[in-house]
Amino acid sequence: MTDNNSIANEKVLLEIKNLKKYFPIRKGFFKKVVGQVRAVDDVSFFINEGETLGLVGESGCGKTTVSRSLLRAIDPTSGEILFRTANNGVVDLASMPESDIRPLRREMQMIFQDPFASLNPRMNLLDLVGEPLLVIDGMKSRSQRTERVAELLQLVGLRPEYMQRFPHAFSGGQRQRIVIARALALNPRFVVADEPVSALDVSVQAQVLNLMLELQQKLGLTYLFVAHDLSVVKHICDRVAVMYVGKIAETAPTDELYYQPRHPYTAALMAAVPVADPRVRSAMVPLEGDVPSPANPPSGCYFHPRCPFATEICTQELPVLEEVTPNHFVACHRVNELDLAGVGEPRKE
Ligand code: SF4
């Protein structure tokens, strides 16, 4: 990674270096460790202040484990998570004890996927949105909390009069607005959004995405946007990182990635995006087969059993992530031979 893309550069808010998260596989009466699930395996990327990085891939590729590791919701096995704090210091979240991370939690928040599961049905909006103010900020005064919750509800497009209502009184889109208001209660600088619209009807997805964009501009937020839906990512992200079996396959600015994907897996994901016209066909055959198990990945390039361009070297050597054009990184042995431009573009029969 060049210096421009490392935490040494002041515009970089977060740099992940060689992050690994392995889960032990235990068997037998004594729960002996017999293997490892390599959920995240040597992942590196950076996020600039004020930008949105999309992290995409099929289910089970490790994107949620990355996002949970970098907020230390789970402890990484190894690697560095370098974060620029509000006072311009740089800390390694991966090696910090929980007691030192706690004060930083206000700067980093998460928006969860399912607004139906992430809101306690027995709490009204005042308590739900005001809980972080009470627990983390120590704001004991109810009137102060009420004032701040009213402000937050207005910020996300809900009426402050709703404060005494319970989550069941709201639609899916409104609930996700409540989740966003709660995440913003402590004025975070960095927000991890884990599939924030995938549980919503298509008709309200755009509203929530537009709200997130508006809030980003208004509050200067930085997002890591985790998704499996490439059309959603295109709408909101500045750059995209594509994951496959715990590794980054490709990362590039969004427009470039969509215009000219360089990794066959990215191209295949794009070909799988449905187009609302039965006469339109994609230029690349959509993916067949399943994602291999991270407990027992294939030799060489993990994608080779599904890759239409695989050759002998692909079955033997693991490709490394290399910068092919400025800010465009690809892990593929054949990156300079393949021309995948336009594969994501639909074509008429
Ligand atoms: Fe396909 Fe080989 Fe590239 Fe892997 S390294 S994506 S198998 S061409």
# chains A, B, ... in the order shown; residues from 1 in each chain; ligands from 1
>>> residues_near_ligand(ligand="ligand 1", cutoff="10 Å", atoms="only C-alpha atoms and all ligand atoms", output="ChimeraX atom specification")
/A:249,262-266,300-320,330-338
>>> write_last_selection(atoms="N, CA, C and O atoms", output="CSV table (one decimal), in the first residue's frame")
chain,number,residue,atom,x,y,z
A,249,ALA,N,-10.3,-9.6,-3.0
A,249,ALA,CA,-10.0,-10.0,-4.4
A,249,ALA,C,-9.7,-8.8,-5.2
A,249,ALA,O,-8.9,-8.8,-6.1
A,262,ARG,N,-11.5,-5.9,-12.9
A,262,ARG,CA,-10.3,-6.6,-13.3
A,262,ARG,C,-10.2,-8.0,-12.8
A,262,ARG,O,-9.4,-8.8,-13.2
A,263,HIS,N,-11.0,-8.4,-11.8
A,263,HIS,CA,-11.0,-9.7,-11.2
A,263,HIS,C,-12.2,-10.5,-11.7
A,263,HIS,O,-13.3,-10.0,-11.7
A,264,PRO,N,-12.0,-11.7,-12.2
A,264,PRO,CA,-13.2,-12.5,-12.7
A,264,PRO,C,-14.3,-12.6,-11.7
A,264,PRO,O,-15.5,-12.7,-12.1
A,265,TYR,N,-14.0,-12.7,-10.4
A,265,TYR,CA,-15.1,-12.8,-9.4
A,265,TYR,C,-15.9,-11.5,-9.4
A,265,TYR,O,-17.2,-11.6,-9.4
A,266,THR,N,-15.3,-10.4,-9.4
A,266,THR,CA,-16.0,-9.1,-9.4
A,266,THR,C,-16.9,-9.1,-10.7
A,266,THR,O,-18.1,-8.7,-10.6
A,300,GLY,N,-4.0,-22.8,-4.2
A,300,GLY,CA,-3.8,-21.8,-5.1
A,300,GLY,C,-4.8,-20.6,-4.9
A,300,GLY,O,-5.1,-20.3,-3.8
A,301,CYS,N,-5.3,-20.1,-6.1
A,301,CYS,CA,-6.3,-19.1,-6.0
A,301,CYS,C,-7.6,-19.7,-5.5
A,301,CYS,O,-8.1,-20.7,-6.1
A,302,TYR,N,-8.2,-19.1,-4.4
A,302,TYR,CA,-9.4,-19.7,-3.8
A,302,TYR,C,-10.6,-19.7,-4.8
A,302,TYR,O,-11.5,-20.5,-4.7
A,303,PHE,N,-10.5,-18.9,-5.8
A,303,PHE,CA,-11.6,-18.8,-6.8
A,303,PHE,C,-11.5,-19.8,-8.0
A,303,PHE,O,-12.4,-19.9,-8.8
A,304,HIS,N,-10.3,-20.5,-8.0
A,304,HIS,CA,-10.1,-21.3,-9.3
A,304,HIS,C,-11.1,-22.3,-9.6
A,304,HIS,O,-11.5,-22.5,-10.8
A,305,PRO,N,-11.8,-23.0,-8.6
A,305,PRO,CA,-12.8,-24.0,-9.0
A,305,PRO,C,-14.0,-23.4,-9.7
A,305,PRO,O,-14.7,-24.1,-10.4
A,306,ARG,N,-14.2,-22.1,-9.6
A,306,ARG,CA,-15.4,-21.5,-10.2
A,306,ARG,C,-15.0,-20.5,-11.3
A,306,ARG,O,-15.8,-19.9,-11.9
A,307,CYS,N,-13.7,-20.4,-11.6
A,307,CYS,CA,-13.2,-19.3,-12.5
A,307,CYS,C,-13.1,-19.9,-13.9
A,307,CYS,O,-12.4,-20.8,-14.2
A,308,PRO,N,-13.8,-19.2,-14.9
A,308,PRO,CA,-13.7,-19.7,-16.3
A,308,PRO,C,-12.4,-19.5,-16.9
A,308,PRO,O,-12.1,-20.0,-18.0
A,309,PHE,N,-11.5,-18.7,-16.2
A,309,PHE,CA,-10.2,-18.3,-16.8
A,309,PHE,C,-9.0,-19.0,-16.1
A,309,PHE,O,-7.9,-18.7,-16.4
A,310,ALA,N,-9.3,-20.0,-15.2
A,310,ALA,CA,-8.3,-20.6,-14.4
A,310,ALA,C,-7.3,-21.4,-15.3
A,310,ALA,O,-7.7,-22.1,-16.3
A,311,THR,N,-6.0,-21.3,-15.0
A,311,THR,CA,-5.0,-22.1,-15.7
A,311,THR,C,-4.2,-22.8,-14.6
A,311,THR,O,-4.5,-22.7,-13.4
A,312,GLU,N,-3.1,-23.5,-15.0
A,312,GLU,CA,-2.4,-24.3,-14.0
A,312,GLU,C,-1.9,-23.6,-12.8
A,312,GLU,O,-2.0,-24.0,-11.7
A,313,ILE,N,-1.3,-22.4,-13.1
A,313,ILE,CA,-0.7,-21.6,-12.0
A,313,ILE,C,-1.8,-21.2,-10.9
A,313,ILE,O,-1.5,-21.2,-9.7
A,314,CYS,N,-3.0,-21.1,-11.4
A,314,CYS,CA,-4.1,-20.7,-10.5
A,314,CYS,C,-4.4,-21.8,-9.5
A,314,CYS,O,-4.9,-21.5,-8.4
A,315,THR,N,-4.1,-23.0,-9.9
A,315,THR,CA,-4.4,-24.1,-8.9
A,315,THR,C,-3.3,-24.3,-7.9
A,315,THR,O,-3.4,-25.1,-7.0
A,316,GLN,N,-2.2,-23.7,-8.2
A,316,GLN,CA,-1.0,-23.9,-7.4
A,316,GLN,C,-0.6,-22.7,-6.5
A,316,GLN,O,-0.1,-22.9,-5.4
A,317,GLU,N,-0.7,-21.5,-7.0
A,317,GLU,CA,-0.2,-20.4,-6.3
A,317,GLU,C,-1.3,-19.4,-5.9
A,317,GLU,O,-2.1,-19.0,-6.8
A,318,LEU,N,-1.2,-18.9,-4.7
A,318,LEU,CA,-2.2,-17.9,-4.2
A,318,LEU,C,-1.8,-16.5,-4.8
A,318,LEU,O,-0.6,-16.1,-4.5
A,319,PRO,N,-2.6,-15.9,-5.5
A,319,PRO,CA,-2.3,-14.6,-6.0
A,319,PRO,C,-2.3,-13.5,-4.9
A,319,PRO,O,-3.1,-13.6,-4.0
A,320,VAL,N,-1.4,-12.5,-5.0
A,320,VAL,CA,-1.4,-11.5,-4.0
A,320,VAL,C,-2.0,-10.2,-4.6
A,320,VAL,O,-2.1,-10.0,-5.8
A,330,VAL,N,-5.8,-5.6,-7.4
A,330,VAL,CA,-6.4,-6.9,-7.8
A,330,VAL,C,-5.5,-8.1,-7.4
A,330,VAL,O,-4.3,-8.0,-7.5
A,331,ALA,N,-6.1,-9.2,-7.0
A,331,ALA,CA,-5.4,-10.4,-6.7
A,331,ALA,C,-5.8,-11.5,-7.7
A,331,ALA,O,-6.7,-12.2,-7.5
A,332,CYS,N,-5.1,-11.5,-8.8
A,332,CYS,CA,-5.3,-12.4,-9.9
A,332,CYS,C,-4.1,-12.6,-10.7
A,332,CYS,O,-3.4,-11.6,-11.2
A,333,HIS,N,-3.7,-13.9,-11.0
A,333,HIS,CA,-2.5,-14.1,-11.8
A,333,HIS,C,-2.6,-13.6,-13.2
A,333,HIS,O,-1.6,-13.3,-13.8
A,334,ARG,N,-3.8,-13.6,-13.7
A,334,ARG,CA,-4.0,-13.3,-15.1
A,334,ARG,C,-4.6,-11.9,-15.4
A,334,ARG,O,-5.1,-11.6,-16.4
A,335,VAL,N,-4.4,-11.0,-14.4
A,335,VAL,CA,-5.0,-9.7,-14.5
A,335,VAL,C,-4.6,-8.9,-15.7
A,335,VAL,O,-5.4,-8.2,-16.3
A,336,ASN,N,-3.4,-9.1,-16.2
A,336,ASN,CA,-2.9,-8.3,-17.3
A,336,ASN,C,-3.3,-8.9,-18.7
A,336,ASN,O,-3.2,-8.3,-19.7
A,337,GLU,N,-3.8,-10.2,-18.6
A,337,GLU,CA,-4.2,-10.8,-19.9
A,337,GLU,C,-5.7,-10.7,-20.1
A,337,GLU,O,-6.2,-10.7,-21.3
A,338,LEU,N,-6.5,-10.6,-19.1
A,338,LEU,CA,-8.0,-10.6,-19.2
A,338,LEU,C,-8.5,-9.2,-19.5
A,338,LEU,O,-8.1,-8.3,-18.9
>>> closest_atom_pairs(of="stretch 59-161 of chain A", to="stretch 201-225 of chain A", cutoff="10 Å", atoms="only C-alpha atoms", output="tab-separated table")
residue	atom	partner	partner_atom	distance
A:Lys63	CA	A:Phe225	CA	9.9
A:Ser67	CA	A:Leu224	CA	7.9
A:Met108	CA	A:Thr222	CA	9.6
A:Gln109	CA	A:Tyr223	CA	9.8
A:Met110	CA	A:Leu224	CA	9.4
A:Ile111	CA	A:Phe225	CA	9.5
A:Leu155	CA	A:Leu215	CA	8.0
A:Val156	CA	A:Leu211	CA	7.0
A:Gly157	CA	A:Leu211	CA	8.3
>>> closest_residue(among="A:Gln154, A:Ser143, A:Gln36, A:Asn18", to="A:Ile180", atoms="only C-alpha atoms")
A:Gln154
>>> select_by_dssp(residues="stretch 119-298 of chain A", states="strand (DSSP E or B)", output="list in words")
Phe190, Val191, Val192, Ala193, Asp194, Thr222, Tyr223, Leu224, Phe225, Val226, Ala227, Arg239, Val240, Ala241, Val242, Met243, Tyr244, Lys247, Ile248, Ala249, Glu250, Thr251, Ala252, Pro253, Val280, Arg281 and Ser282 of chain A
>>> write_last_selection(atoms="N, CA and C atoms", output="PDB file, in the first residue's frame")
ATOM      1  N   PHE A 190     -17.143   7.662  12.665  1.00  0.00           N
ATOM      2  CA  PHE A 190     -17.044   6.496  11.772  1.00  0.00           C
ATOM      3  C   PHE A 190     -18.213   5.553  12.054  1.00  0.00           C
ATOM      4  N   VAL A 191     -18.932   5.175  10.994  1.00  0.00           N
ATOM      5  CA  VAL A 191     -20.100   4.301  11.165  1.00  0.00           C
ATOM      6  C   VAL A 191     -19.942   3.072  10.263  1.00  0.00           C
ATOM      7  N   VAL A 192     -20.090   1.899  10.860  1.00  0.00           N
ATOM      8  CA  VAL A 192     -20.110   0.661  10.080  1.00  0.00           C
ATOM      9  C   VAL A 192     -21.573   0.297   9.852  1.00  0.00           C
ATOM     10  N   ALA A 193     -21.978   0.235   8.601  1.00  0.00           N
ATOM     11  CA  ALA A 193     -23.373  -0.108   8.279  1.00  0.00           C
ATOM     12  C   ALA A 193     -23.365  -1.519   7.692  1.00  0.00           C
ATOM     13  N   ASP A 194     -23.889  -2.484   8.458  1.00  0.00           N
ATOM     14  CA  ASP A 194     -23.856  -3.884   8.032  1.00  0.00           C
ATOM     15  C   ASP A 194     -25.158  -4.251   7.318  1.00  0.00           C
ATOM     16  N   THR A 222     -17.855   9.103   8.106  1.00  0.00           N
ATOM     17  CA  THR A 222     -17.129   8.140   7.276  1.00  0.00           C
ATOM     18  C   THR A 222     -17.847   6.802   7.435  1.00  0.00           C
ATOM     19  N   TYR A 223     -18.141   6.130   6.309  1.00  0.00           N
ATOM     20  CA  TYR A 223     -18.879   4.867   6.387  1.00  0.00           C
ATOM     21  C   TYR A 223     -18.053   3.688   5.873  1.00  0.00           C
ATOM     22  N   LEU A 224     -18.215   2.550   6.551  1.00  0.00           N
ATOM     23  CA  LEU A 224     -17.885   1.263   5.920  1.00  0.00           C
ATOM     24  C   LEU A 224     -19.243   0.624   5.653  1.00  0.00           C
ATOM     25  N   PHE A 225     -19.550   0.410   4.376  1.00  0.00           N
ATOM     26  CA  PHE A 225     -20.877  -0.044   3.993  1.00  0.00           C
ATOM     27  C   PHE A 225     -20.770  -1.501   3.526  1.00  0.00           C
ATOM     28  N   VAL A 226     -21.281  -2.407   4.348  1.00  0.00           N
ATOM     29  CA  VAL A 226     -21.182  -3.842   4.045  1.00  0.00           C
ATOM     30  C   VAL A 226     -22.435  -4.273   3.293  1.00  0.00           C
ATOM     31  N   ALA A 227     -22.265  -4.954   2.167  1.00  0.00           N
ATOM     32  CA  ALA A 227     -23.442  -5.326   1.372  1.00  0.00           C
ATOM     33  C   ALA A 227     -23.132  -6.507   0.462  1.00  0.00           C
ATOM     34  N   ARG A 239     -15.536   4.054  -2.957  1.00  0.00           N
ATOM     35  CA  ARG A 239     -14.661   2.957  -3.364  1.00  0.00           C
ATOM     36  C   ARG A 239     -15.299   1.651  -2.913  1.00  0.00           C
ATOM     37  N   VAL A 240     -14.882   0.553  -3.556  1.00  0.00           N
ATOM     38  CA  VAL A 240     -15.450  -0.754  -3.211  1.00  0.00           C
ATOM     39  C   VAL A 240     -14.324  -1.767  -3.026  1.00  0.00           C
ATOM     40  N   ALA A 241     -14.448  -2.605  -1.993  1.00  0.00           N
ATOM     41  CA  ALA A 241     -13.529  -3.738  -1.813  1.00  0.00           C
ATOM     42  C   ALA A 241     -14.368  -5.009  -1.934  1.00  0.00           C
ATOM     43  N   VAL A 242     -13.919  -5.918  -2.795  1.00  0.00           N
ATOM     44  CA  VAL A 242     -14.662  -7.164  -3.026  1.00  0.00           C
ATOM     45  C   VAL A 242     -13.950  -8.292  -2.273  1.00  0.00           C
ATOM     46  N   MET A 243     -14.702  -9.013  -1.449  1.00  0.00           N
ATOM     47  CA  MET A 243     -14.104 -10.104  -0.659  1.00  0.00           C
ATOM     48  C   MET A 243     -14.518 -11.466  -1.181  1.00  0.00           C
ATOM     49  N   TYR A 244     -13.594 -12.423  -1.086  1.00  0.00           N
ATOM     50  CA  TYR A 244     -13.916 -13.806  -1.445  1.00  0.00           C
ATOM     51  C   TYR A 244     -13.173 -14.746  -0.490  1.00  0.00           C
ATOM     52  N   LYS A 247     -10.643 -13.153   1.897  1.00  0.00           N
ATOM     53  CA  LYS A 247      -9.564 -12.327   1.340  1.00  0.00           C
ATOM     54  C   LYS A 247     -10.144 -11.246   0.434  1.00  0.00           C
ATOM     55  N   ILE A 248      -9.368 -10.169   0.258  1.00  0.00           N
ATOM     56  CA  ILE A 248      -9.780  -9.133  -0.691  1.00  0.00           C
ATOM     57  C   ILE A 248      -9.363  -9.588  -2.094  1.00  0.00           C
ATOM     58  N   ALA A 249     -10.339  -9.617  -3.006  1.00  0.00           N
ATOM     59  CA  ALA A 249     -10.035 -10.003  -4.389  1.00  0.00           C
ATOM     60  C   ALA A 249      -9.714  -8.768  -5.227  1.00  0.00           C
ATOM     61  N   GLU A 250     -10.418  -7.672  -4.952  1.00  0.00           N
ATOM     62  CA  GLU A 250     -10.222  -6.462  -5.765  1.00  0.00           C
ATOM     63  C   GLU A 250     -10.710  -5.261  -4.979  1.00  0.00           C
ATOM     64  N   THR A 251     -10.032  -4.135  -5.127  1.00  0.00           N
ATOM     65  CA  THR A 251     -10.531  -2.886  -4.543  1.00  0.00           C
ATOM     66  C   THR A 251     -10.206  -1.740  -5.491  1.00  0.00           C
ATOM     67  N   ALA A 252     -11.196  -0.858  -5.687  1.00  0.00           N
ATOM     68  CA  ALA A 252     -11.025   0.223  -6.666  1.00  0.00           C
ATOM     69  C   ALA A 252     -12.065   1.304  -6.425  1.00  0.00           C
ATOM     70  N   PRO A 253     -11.834   2.512  -6.991  1.00  0.00           N
ATOM     71  CA  PRO A 253     -12.893   3.524  -6.944  1.00  0.00           C
ATOM     72  C   PRO A 253     -14.145   2.960  -7.626  1.00  0.00           C
ATOM     73  N   VAL A 280     -32.671  -8.638 -22.167  1.00  0.00           N
ATOM     74  CA  VAL A 280     -31.287  -8.260 -21.889  1.00  0.00           C
ATOM     75  C   VAL A 280     -30.529  -9.423 -21.269  1.00  0.00           C
ATOM     76  N   ARG A 281     -29.323  -9.685 -21.779  1.00  0.00           N
ATOM     77  CA  ARG A 281     -28.482 -10.742 -21.208  1.00  0.00           C
ATOM     78  C   ARG A 281     -27.133 -10.162 -20.825  1.00  0.00           C
ATOM     79  N   SER A 282     -26.530 -10.774 -19.839  1.00  0.00           N
ATOM     80  CA  SER A 282     -25.214 -10.293 -19.422  1.00  0.00           C
ATOM     81  C   SER A 282     -24.142 -10.898 -20.317  1.00  0.00           C
TER      82      SER A 282
END
>>> residues_around(residues="A:Glu49", least_positions_apart="2", cutoff="6 Å", atoms="only C-alpha atoms", output="PyMOL selection string")
chain A and resi 11-13+51+222
>>> residues_around(residues="A:Ser293", least_positions_apart="3", cutoff="8 Å", atoms="only C-alpha atoms", output="JSON, numbers by chain")
{"A": [245, 296, 297]}
>>> select_by_dssp(residues="stretch 12-107 of chain A", states="alpha helix (DSSP H)", output="PDB file with N, CA and C atoms, in the first residue's frame")
ATOM      1  N   LYS A  63     -17.192 -10.687   5.253  1.00  0.00           N
ATOM      2  CA  LYS A  63     -17.327  -9.231   5.366  1.00  0.00           C
ATOM      3  C   LYS A  63     -17.885  -8.798   6.733  1.00  0.00           C
ATOM      4  N   THR A  64     -18.840  -9.553   7.264  1.00  0.00           N
ATOM      5  CA  THR A  64     -19.379  -9.191   8.581  1.00  0.00           C
ATOM      6  C   THR A  64     -18.327  -9.419   9.670  1.00  0.00           C
ATOM      7  N   THR A  65     -17.510 -10.459   9.528  1.00  0.00           N
ATOM      8  CA  THR A  65     -16.445 -10.702  10.519  1.00  0.00           C
ATOM      9  C   THR A  65     -15.435  -9.557  10.496  1.00  0.00           C
ATOM     10  N   VAL A  66     -15.133  -9.031   9.300  1.00  0.00           N
ATOM     11  CA  VAL A  66     -14.231  -7.870   9.221  1.00  0.00           C
ATOM     12  C   VAL A  66     -14.835  -6.708   9.983  1.00  0.00           C
ATOM     13  N   SER A  67     -16.130  -6.414   9.720  1.00  0.00           N
ATOM     14  CA  SER A  67     -16.715  -5.226  10.328  1.00  0.00           C
ATOM     15  C   SER A  67     -16.820  -5.379  11.848  1.00  0.00           C
ATOM     16  N   ARG A  68     -17.108  -6.584  12.305  1.00  0.00           N
ATOM     17  CA  ARG A  68     -17.203  -6.784  13.762  1.00  0.00           C
ATOM     18  C   ARG A  68     -15.819  -6.738  14.415  1.00  0.00           C
ATOM     19  N   SER A  69     -14.825  -7.248  13.698  1.00  0.00           N
ATOM     20  CA  SER A  69     -13.459  -7.223  14.251  1.00  0.00           C
ATOM     21  C   SER A  69     -12.960  -5.795  14.386  1.00  0.00           C
ATOM     22  N   LEU A  70     -13.257  -4.971  13.375  1.00  0.00           N
ATOM     23  CA  LEU A  70     -12.645  -3.645  13.441  1.00  0.00           C
ATOM     24  C   LEU A  70     -13.312  -2.745  14.466  1.00  0.00           C
ATOM     25  N   GLU A  98      -9.859  -3.592  26.383  1.00  0.00           N
ATOM     26  CA  GLU A  98     -11.239  -3.109  26.276  1.00  0.00           C
ATOM     27  C   GLU A  98     -11.440  -1.796  27.049  1.00  0.00           C
ATOM     28  N   SER A  99     -10.768  -1.666  28.204  1.00  0.00           N
ATOM     29  CA  SER A  99     -10.953  -0.453  29.019  1.00  0.00           C
ATOM     30  C   SER A  99     -10.478   0.799  28.265  1.00  0.00           C
ATOM     31  N   ASP A 100      -9.456   0.666  27.408  1.00  0.00           N
ATOM     32  CA  ASP A 100      -8.978   1.824  26.638  1.00  0.00           C
ATOM     33  C   ASP A 100      -9.857   2.079  25.418  1.00  0.00           C
ATOM     34  N   ILE A 101     -10.520   1.016  24.949  1.00  0.00           N
ATOM     35  CA  ILE A 101     -11.372   1.184  23.756  1.00  0.00           C
ATOM     36  C   ILE A 101     -12.683   1.870  24.124  1.00  0.00           C
TER      37      ILE A 101
END
>>> closest_residue(among="A:Tyr22, A:Thr52, A:Ser78, A:Asp92", to="A:Gly35", atoms="only C-alpha atoms")
A:Tyr22
>>> residues_around(residues="A:Ala181", least_positions_apart="3", cutoff="7 Å", atoms="only C-alpha atoms", output="list in words")
Val129, Leu152, Leu153, Val156, Arg177, Ile178, Leu184 and Ala185 of chain A
>>> decode(residues="stretch 190-203 of chain A", atoms="N, CA, C and O atoms", output="PDB file, in the first residue's frame")
ATOM      1  N   PHE A 190     -17.143   7.662  12.665  1.00  0.00           N
ATOM      2  CA  PHE A 190     -17.044   6.496  11.772  1.00  0.00           C
ATOM      3  C   PHE A 190     -18.213   5.553  12.054  1.00  0.00           C
ATOM      4  O   PHE A 190     -18.488   5.223  13.211  1.00  0.00           O
ATOM      5  N   VAL A 191     -18.932   5.175  10.994  1.00  0.00           N
ATOM      6  CA  VAL A 191     -20.100   4.301  11.165  1.00  0.00           C
ATOM      7  C   VAL A 191     -19.942   3.072  10.263  1.00  0.00           C
ATOM      8  O   VAL A 191     -19.671   3.205   9.066  1.00  0.00           O
ATOM      9  N   VAL A 192     -20.090   1.899  10.860  1.00  0.00           N
ATOM     10  CA  VAL A 192     -20.110   0.661  10.080  1.00  0.00           C
ATOM     11  C   VAL A 192     -21.573   0.297   9.852  1.00  0.00           C
ATOM     12  O   VAL A 192     -22.333   0.129  10.814  1.00  0.00           O
ATOM     13  N   ALA A 193     -21.978   0.235   8.601  1.00  0.00           N
ATOM     14  CA  ALA A 193     -23.373  -0.108   8.279  1.00  0.00           C
ATOM     15  C   ALA A 193     -23.365  -1.519   7.692  1.00  0.00           C
ATOM     16  O   ALA A 193     -22.857  -1.745   6.590  1.00  0.00           O
ATOM     17  N   ASP A 194     -23.889  -2.484   8.458  1.00  0.00           N
ATOM     18  CA  ASP A 194     -23.856  -3.884   8.032  1.00  0.00           C
ATOM     19  C   ASP A 194     -25.158  -4.251   7.318  1.00  0.00           C
ATOM     20  O   ASP A 194     -26.164  -4.483   7.958  1.00  0.00           O
ATOM     21  N   GLU A 195     -25.118  -4.239   6.011  1.00  0.00           N
ATOM     22  CA  GLU A 195     -26.294  -4.517   5.173  1.00  0.00           C
ATOM     23  C   GLU A 195     -27.509  -3.709   5.662  1.00  0.00           C
ATOM     24  O   GLU A 195     -28.554  -4.285   5.967  1.00  0.00           O
ATOM     25  N   PRO A 196     -27.394  -2.374   5.737  1.00  0.00           N
ATOM     26  CA  PRO A 196     -28.436  -1.582   6.393  1.00  0.00           C
ATOM     27  C   PRO A 196     -29.772  -1.543   5.656  1.00  0.00           C
ATOM     28  O   PRO A 196     -30.772  -1.159   6.248  1.00  0.00           O
ATOM     29  N   VAL A 197     -29.799  -1.920   4.376  1.00  0.00           N
ATOM     30  CA  VAL A 197     -31.078  -1.848   3.670  1.00  0.00           C
ATOM     31  C   VAL A 197     -31.542  -3.206   3.148  1.00  0.00           C
ATOM     32  O   VAL A 197     -32.598  -3.297   2.526  1.00  0.00           O
ATOM     33  N   SER A 198     -30.784  -4.262   3.409  1.00  0.00           N
ATOM     34  CA  SER A 198     -31.133  -5.542   2.779  1.00  0.00           C
ATOM     35  C   SER A 198     -32.416  -6.151   3.357  1.00  0.00           C
ATOM     36  O   SER A 198     -33.039  -6.983   2.711  1.00  0.00           O
ATOM     37  N   ALA A 199     -32.829  -5.727   4.574  1.00  0.00           N
ATOM     38  CA  ALA A 199     -34.070  -6.281   5.131  1.00  0.00           C
ATOM     39  C   ALA A 199     -35.279  -5.420   4.764  1.00  0.00           C
ATOM     40  O   ALA A 199     -36.393  -5.698   5.204  1.00  0.00           O
ATOM     41  N   LEU A 200     -35.047  -4.379   3.956  1.00  0.00           N
ATOM     42  CA  LEU A 200     -36.145  -3.439   3.653  1.00  0.00           C
ATOM     43  C   LEU A 200     -36.736  -3.680   2.266  1.00  0.00           C
ATOM     44  O   LEU A 200     -36.061  -4.196   1.375  1.00  0.00           O
ATOM     45  N   ASP A 201     -37.985  -3.257   2.102  1.00  0.00           N
ATOM     46  CA  ASP A 201     -38.610  -3.312   0.775  1.00  0.00           C
ATOM     47  C   ASP A 201     -37.807  -2.431  -0.178  1.00  0.00           C
ATOM     48  O   ASP A 201     -37.283  -1.387   0.229  1.00  0.00           O
ATOM     49  N   VAL A 202     -37.788  -2.848  -1.432  1.00  0.00           N
ATOM     50  CA  VAL A 202     -37.028  -2.081  -2.427  1.00  0.00           C
ATOM     51  C   VAL A 202     -37.504  -0.626  -2.458  1.00  0.00           C
ATOM     52  O   VAL A 202     -36.706   0.299  -2.606  1.00  0.00           O
ATOM     53  N   SER A 203     -38.799  -0.421  -2.261  1.00  0.00           N
ATOM     54  CA  SER A 203     -39.350   0.940  -2.357  1.00  0.00           C
ATOM     55  C   SER A 203     -38.791   1.874  -1.278  1.00  0.00           C
ATOM     56  O   SER A 203     -38.733   3.086  -1.496  1.00  0.00           O
TER      57      SER A 203
END
